[in-house]
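Asks: Please see the structure below; I have some questions.
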Amino acid sequence: MHIVAIDGPAGSGKSSVSKAAAKKLGFGYLDTGAAYRALTWAVLENKMDINGLLAAEIAQKFEYSISLDPENYWVKSFGVDVTEAIRLPVVAEAVSQVAKDAEVRLYMKELTRTLVSGSSLPGVVVEGRDITTVIFPDAQTRILLTASEEVRLSRRSAELPAGVSITEMVTKRDQTDSKVVDFMTPSAGVTLLDSTELSFDETVDAVIHLVRDLS
Ligand code: DC
């Protein structure tokens with residue numbers, strides 16, 4: 001199986017680029033941030049109390065499933081379709097706190113690897129913050145997707161509900177998250193793809209090029 005690992009900050013275009021690249025390649029698409037968001041949603045909805053839990057205990061209690069089909073994306077937790085709910089600002093505001101817990105990260109590592117190995121796909125585009133470094137350091141293709149802060153903010157502003165502070169939602173979250181895992185500098189062997197000057201289609205093509213060239 002060909003694993004395409006893509007990391008990057010919020011607003012880099014990671015999710016939409018990864019999904020489009022997966023479609024073109026005939027690969028699966030795995031959004032790893034969705035699991036952190038769904039776990040945060042479960043905490044906020046009082047379906048989970050993760051305080052002091054070990055990774056194995058989280059795995060026992062947390063009910064989670066996600067589609068790997070880039071044409072039909074959905075996320076479910078405790079029998080509820082949370083595809084929309086996990087994008088709410090209330091979740092985005094709390095997710096960094098959940099994502100910094102070492103046992104949560106250990107759980108996520110197992111979960112991500114299991115979701116990928118359990119699929120019978122020819123390849124999977126896996127996107128997140130620590131995919132190129134911690135989750136799949138041996139992936140056939142490893143990319144760090146960035147864009148200037150100005151471009152990231154303007155791309156994200158289009159996605160946010162009116163009245164929500166973009167700086168609060170994006171810059172502050174990236175600052176908090178990057179203290180836990182460094183997704184701003186590519187580690188050895190990871191290709192830096194800067195999309196500041198690229199259109200969406202050009203960025204997708206650059207990813208596809210890297211998949212074909214580096215494999
Ligand atoms: O990509 P996203 O905005 O949906 O991610 C939500 C949060 O999850 C983000 O604030 C950081 C965390 N995350 C992480 O720590 N590691 C990952 N591989 C993916 C996401």
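In the structure tokens, each chain is lettered A, B, ... as it comes, each chain's residues begin at 1, and ligands are numbered from 1 in order of appearance.
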Would you mind listing, for every residue of chain A within 9 Å of ligand 1, the two atoms forming the shortest contact and the distance between them in Å to one decimal, using only C-alpha atoms and all ligand atoms, sorted by chain and ascending residue number, as JSON lines?

Replies:
{"residue": "A:Asp7", "atom": "CA", "partner": "ligand 1", "partner_atom_place_in_ligand_line": "18 (N)", "distance": 7.5}
{"residue": "A:Gly8", "atom": "CA", "partner": "ligand 1", "partner_atom_place_in_ligand_line": "1 (O)", "distance": 8.2}
{"residue": "A:Pro9", "atom": "CA", "partner": "ligand 1", "partner_atom_place_in_ligand_line": "1 (O)", "distance": 7.5}
{"residue": "A:Ala10", "atom": "CA", "partner": "ligand 1", "partner_atom_place_in_ligand_line": "3 (O)", "distance": 5.6}
{"residue": "A:Gly11", "atom": "CA", "partner": "ligand 1", "partner_atom_place_in_ligand_line": "3 (O)", "distance": 8.3}
{"residue": "A:Lys14", "atom": "CA", "partner": "ligand 1", "partner_atom_place_in_ligand_line": "1 (O)", "distance": 7.9}
{"residue": "A:Ser15", "atom": "CA", "partner": "ligand 1", "partner_atom_place_in_ligand_line": "1 (O)", "distance": 7.4}
{"residue": "A:Asp31", "atom": "CA", "partner": "ligand 1", "partner_atom_place_in_ligand_line": "4 (O)", "distance": 7.3}
{"residue": "A:Thr32", "atom": "CA", "partner": "ligand 1", "partner_atom_place_in_ligand_line": "19 (C)", "distance": 4.9}
{"residue": "A:Gly33", "atom": "CA", "partner": "ligand 1", "partner_atom_place_in_ligand_line": "20 (C)", "distance": 3.5}
{"residue": "A:Ala34", "atom": "CA", "partner": "ligand 1", "partner_atom_place_in_ligand_line": "4 (O)", "distance": 5.3}
{"residue": "A:Ala35", "atom": "CA", "partner": "ligand 1", "partner_atom_place_in_ligand_line": "8 (O)", "distance": 7.6}
{"residue": "A:Tyr36", "atom": "CA", "partner": "ligand 1", "partner_atom_place_in_ligand_line": "8 (O)", "distance": 4.9}
{"residue": "A:Arg37", "atom": "CA", "partner": "ligand 1", "partner_atom_place_in_ligand_line": "6 (C)", "distance": 5.7}
{"residue": "A:Ile86", "atom": "CA", "partner": "ligand 1", "partner_atom_place_in_ligand_line": "4 (O)", "distance": 8.5}
{"residue": "A:Arg87", "atom": "CA", "partner": "ligand 1", "partner_atom_place_in_ligand_line": "4 (O)", "distance": 7.9}
{"residue": "A:Val91", "atom": "CA", "partner": "ligand 1", "partner_atom_place_in_ligand_line": "6 (C)", "distance": 8.8}
{"residue": "A:Ala92", "atom": "CA", "partner": "ligand 1", "partner_atom_place_in_ligand_line": "10 (O)", "distance": 6.7}
{"residue": "A:Glu93", "atom": "CA", "partner": "ligand 1", "partner_atom_place_in_ligand_line": "10 (O)", "distance": 8.4}
{"residue": "A:Ala94", "atom": "CA", "partner": "ligand 1", "partner_atom_place_in_ligand_line": "10 (O)", "distance": 8.5}
{"residue": "A:Val95", "atom": "CA", "partner": "ligand 1", "partner_atom_place_in_ligand_line": "7 (C)", "distance": 5.5}
{"residue": "A:Ser96", "atom": "CA", "partner": "ligand 1", "partner_atom_place_in_ligand_line": "10 (O)", "distance": 4.9}
{"residue": "A:Gln97", "atom": "CA", "partner": "ligand 1", "partner_atom_place_in_ligand_line": "10 (O)", "distance": 8.6}
{"residue": "A:Val98", "atom": "CA", "partner": "ligand 1", "partner_atom_place_in_ligand_line": "8 (O)", "distance": 8.2}
{"residue": "A:Ala99", "atom": "CA", "partner": "ligand 1", "partner_atom_place_in_ligand_line": "15 (O)", "distance": 5.0}
{"residue": "A:Lys100", "atom": "CA", "partner": "ligand 1", "partner_atom_place_in_ligand_line": "15 (O)", "distance": 6.9}
{"residue": "A:Arg105", "atom": "CA", "partner": "ligand 1", "partner_atom_place_in_ligand_line": "15 (O)", "distance": 7.5}
{"residue": "A:Met108", "atom": "CA", "partner": "ligand 1", "partner_atom_place_in_ligand_line": "18 (N)", "distance": 8.0}
{"residue": "A:Lys109", "atom": "CA", "partner": "ligand 1", "partner_atom_place_in_ligand_line": "18 (N)", "distance": 8.5}
{"residue": "A:Thr112", "atom": "CA", "partner": "ligand 1", "partner_atom_place_in_ligand_line": "18 (N)", "distance": 8.9}
{"residue": "A:Val126", "atom": "CA", "partner": "ligand 1", "partner_atom_place_in_ligand_line": "18 (N)", "distance": 8.8}
{"residue": "A:Glu127", "atom": "CA", "partner": "ligand 1", "partner_atom_place_in_ligand_line": "18 (N)", "distance": 6.8}
{"residue": "A:Gly128", "atom": "CA", "partner": "ligand 1", "partner_atom_place_in_ligand_line": "18 (N)", "distance": 3.6}
{"residue": "A:Arg129", "atom": "CA", "partner": "ligand 1", "partner_atom_place_in_ligand_line": "18 (N)", "distance": 4.0}
{"residue": "A:Asp130", "atom": "CA", "partner": "ligand 1", "partner_atom_place_in_ligand_line": "18 (N)", "distance": 4.8}
{"residue": "A:Ile131", "atom": "CA", "partner": "ligand 1", "partner_atom_place_in_ligand_line": "18 (N)", "distance": 5.8}
{"residue": "A:Val134", "atom": "CA", "partner": "ligand 1", "partner_atom_place_in_ligand_line": "18 (N)", "distance": 8.8}
{"residue": "A:Ile135", "atom": "CA", "partner": "ligand 1", "partner_atom_place_in_ligand_line": "18 (N)", "distance": 8.0}
{"residue": "A:Val170", "atom": "CA", "partner": "ligand 1", "partner_atom_place_in_ligand_line": "3 (O)", "distance": 8.6}
{"residue": "A:Arg173", "atom": "CA", "partner": "ligand 1", "partner_atom_place_in_ligand_line": "10 (O)", "distance": 5.9}
{"residue": "A:Asp174", "atom": "CA", "partner": "ligand 1", "partner_atom_place_in_ligand_line": "10 (O)", "distance": 6.8}
{"residue": "A:Thr176", "atom": "CA", "partner": "ligand 1", "partner_atom_place_in_ligand_line": "10 (O)", "distance": 8.1}
{"residue": "A:Asp177", "atom": "CA", "partner": "ligand 1", "partner_atom_place_in_ligand_line": "11 (C)", "distance": 5.6}
{"residue": "A:Ser178", "atom": "CA", "partner": "ligand 1", "partner_atom_place_in_ligand_line": "15 (O)", "distance": 8.4}
{"residue": "A:Val180", "atom": "CA", "partner": "ligand 1", "partner_atom_place_in_ligand_line": "15 (O)", "distance": 7.4}
{"residue": "A:Val181", "atom": "CA", "partner": "ligand 1", "partner_atom_place_in_ligand_line": "15 (O)", "distance": 7.0}

Asks: Write out as a PyMOL selection string all residues of segment 4-211 of chain A that backbone DSSP assigns to strand (DSSP E).

Replies: chain A and resi 4-7+28-31+64-66+75-77+80-81+123-128+141-146+191-194

Asks: Write the residues you've just listed into a file as a tab-separated table (two decimals), in the first residue's frame, and include N, CA, C and O atoms for each of them.

Replies:
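Final output, saved to result-v5.tsv:
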chain	number	residue	atom	x	y	z
A	4	VAL	N	0.59	8.24	1.52
A	4	VAL	CA	0.99	9.62	1.26
A	4	VAL	C	0.71	10.40	2.54
A	4	VAL	O	-0.44	10.60	2.92
A	5	ALA	N	1.76	10.78	3.25
A	5	ALA	CA	1.61	11.48	4.53
A	5	ALA	C	1.71	12.98	4.27
A	5	ALA	O	2.68	13.45	3.68
A	6	ILE	N	0.69	13.73	4.70
A	6	ILE	CA	0.70	15.19	4.50
A	6	ILE	C	0.44	15.90	5.82
A	6	ILE	O	-0.60	15.71	6.44
A	7	ASP	N	1.41	16.70	6.25
A	7	ASP	CA	1.24	17.51	7.46
A	7	ASP	C	1.19	18.98	7.08
A	7	ASP	O	1.61	19.37	5.99
A	28	GLY	N	-7.53	6.16	-0.88
A	28	GLY	CA	-8.40	6.56	0.21
A	28	GLY	C	-7.88	7.88	0.78
A	28	GLY	O	-6.77	8.33	0.46
A	29	TYR	N	-8.72	8.50	1.63
A	29	TYR	CA	-8.36	9.77	2.25
A	29	TYR	C	-8.66	9.67	3.74
A	29	TYR	O	-9.76	9.29	4.12
A	30	LEU	N	-7.67	9.95	4.56
A	30	LEU	CA	-7.90	9.91	6.01
A	30	LEU	C	-7.53	11.23	6.66
A	30	LEU	O	-6.37	11.65	6.66
A	31	ASP	N	-8.56	11.86	7.23
A	31	ASP	CA	-8.42	13.13	7.96
A	31	ASP	C	-8.19	12.78	9.44
A	31	ASP	O	-9.13	12.37	10.12
A	64	TYR	N	-15.82	5.36	17.62
A	64	TYR	CA	-15.44	6.25	16.51
A	64	TYR	C	-15.38	5.50	15.20
A	64	TYR	O	-14.86	4.39	15.13
A	65	SER	N	-15.89	6.11	14.16
A	65	SER	CA	-15.65	5.58	12.82
A	65	SER	C	-15.62	6.73	11.81
A	65	SER	O	-16.25	7.77	12.02
A	66	ILE	N	-14.83	6.52	10.78
A	66	ILE	CA	-14.65	7.56	9.76
A	66	ILE	C	-14.58	6.90	8.39
A	66	ILE	O	-14.02	5.80	8.25
A	75	VAL	N	-18.06	11.30	9.50
A	75	VAL	CA	-17.43	10.96	10.77
A	75	VAL	C	-18.54	10.62	11.75
A	75	VAL	O	-19.53	11.35	11.85
A	76	LYS	N	-18.40	9.50	12.48
A	76	LYS	CA	-19.43	9.11	13.46
A	76	LYS	C	-18.80	8.83	14.81
A	76	LYS	O	-17.68	8.31	14.89
A	77	SER	N	-19.50	9.20	15.85
A	77	SER	CA	-19.03	8.92	17.20
A	77	SER	C	-20.23	8.60	18.09
A	77	SER	O	-21.22	9.33	18.06
A	80	VAL	N	-23.57	8.74	16.54
A	80	VAL	CA	-24.07	10.02	16.04
A	80	VAL	C	-23.20	10.48	14.87
A	80	VAL	O	-21.97	10.38	14.94
A	81	ASP	N	-23.84	10.96	13.82
A	81	ASP	CA	-23.07	11.53	12.72
A	81	ASP	C	-22.58	12.92	13.17
A	81	ASP	O	-23.39	13.82	13.37
A	123	GLY	N	-3.83	2.70	-1.85
A	123	GLY	CA	-3.07	3.76	-1.19
A	123	GLY	C	-3.99	4.62	-0.36
A	123	GLY	O	-5.20	4.58	-0.54
A	124	VAL	N	-3.43	5.36	0.58
A	124	VAL	CA	-4.23	6.28	1.39
A	124	VAL	C	-3.45	7.59	1.56
A	124	VAL	O	-2.25	7.57	1.86
A	125	VAL	N	-4.14	8.71	1.36
A	125	VAL	CA	-3.56	10.02	1.66
A	125	VAL	C	-3.98	10.31	3.10
A	125	VAL	O	-5.16	10.43	3.40
A	126	VAL	N	-2.99	10.40	3.99
A	126	VAL	CA	-3.27	10.62	5.41
A	126	VAL	C	-2.78	12.01	5.79
A	126	VAL	O	-1.61	12.32	5.61
A	127	GLU	N	-3.70	12.86	6.28
A	127	GLU	CA	-3.28	14.23	6.60
A	127	GLU	C	-3.46	14.57	8.06
A	127	GLU	O	-4.39	14.09	8.71
A	128	GLY	N	-2.52	15.37	8.59
A	128	GLY	CA	-2.58	15.77	9.99
A	128	GLY	C	-1.45	16.69	10.37
A	128	GLY	O	-1.08	17.60	9.61
A	141	THR	N	5.51	8.57	0.45
A	141	THR	CA	5.56	10.00	0.10
A	141	THR	C	5.28	10.80	1.37
A	141	THR	O	4.31	10.54	2.08
A	142	ARG	N	6.16	11.76	1.67
A	142	ARG	CA	5.95	12.60	2.87
A	142	ARG	C	6.06	14.07	2.47
A	142	ARG	O	7.07	14.50	1.92
A	143	ILE	N	5.01	14.81	2.79
A	143	ILE	CA	4.93	16.22	2.37
A	143	ILE	C	4.53	17.11	3.54
A	143	ILE	O	3.64	16.77	4.33
A	144	LEU	N	5.20	18.26	3.65
A	144	LEU	CA	4.76	19.29	4.59
A	144	LEU	C	4.19	20.42	3.74
A	144	LEU	O	4.91	21.06	2.97
A	145	LEU	N	2.88	20.62	3.85
A	145	LEU	CA	2.19	21.63	3.03
A	145	LEU	C	2.04	22.92	3.82
A	145	LEU	O	1.42	22.92	4.89
A	146	THR	N	2.63	23.99	3.31
A	146	THR	CA	2.52	25.27	4.01
A	146	THR	C	2.00	26.35	3.06
A	146	THR	O	1.82	26.13	1.87
A	191	THR	N	9.30	16.50	1.99
A	191	THR	CA	9.31	17.57	0.99
A	191	THR	C	8.45	18.74	1.44
A	191	THR	O	7.28	18.55	1.79
A	192	LEU	N	9.01	19.93	1.41
A	192	LEU	CA	8.26	21.13	1.76
A	192	LEU	C	7.54	21.63	0.50
A	192	LEU	O	8.18	21.91	-0.50
A	193	LEU	N	6.22	21.71	0.58
A	193	LEU	CA	5.44	22.21	-0.55
A	193	LEU	C	4.75	23.50	-0.11
A	193	LEU	O	3.83	23.48	0.71
A	194	ASP	N	5.24	24.63	-0.63
A	194	ASP	CA	4.70	25.93	-0.25
A	194	ASP	C	3.64	26.34	-1.29
A	194	ASP	O	3.96	26.55	-2.46

Asks: Between A:Ser199, A:Phe78, A:Tyr107, A:Lys24, which has the minimum distance to Ala59 of chain A (counting only C-alpha atoms)?

Replies: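 Going through A:Ser199, A:Phe78, A:Tyr107, A:Lys24 one by one, the smallest distance to Ala59 of chain A is for A:Tyr107.
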
Asks: By how many Å are atom CA of Lys19 of chain A and atom CA of Pro70 of chain A apart?

Replies: 5.5 Å

Asks: DSSP on the backbone: what in segment 80-207 of chain A comes out helix (DSSP H, G or I), as JSON, numbers by chain?

Replies: {"A": [85, 86, 87, 89, 90, 91, 92, 93, 94, 95, 96, 97, 98, 99, 102, 103, 104, 105, 106, 107, 108, 109, 110, 111, 112, 113, 114, 115, 116, 117, 131, 132, 133, 134, 135, 149, 150, 151, 152, 153, 154, 155, 156, 157, 166, 167, 168, 169, 170, 171, 172, 173, 174, 175, 176, 177, 178, 179, 180, 200, 201, 202, 203, 204, 205, 206, 207]}

Asks: Mind giving me the straight-line distance from atom CA of Thr185 of chain A to atom CA of Ser12 of chain A in Å, one decimal?

Replies: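 Distance between the two atoms: 13.6 Å.
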
Asks: Just the number, please: distance in Å from atom CA of Val190 of chain A to atom CA of Pro137 of chain A, one decimal.

Replies: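 Atom-to-atom, atom CA of Val190 of chain A to atom CA of Pro137 of chain A, that is 9.2 Å.
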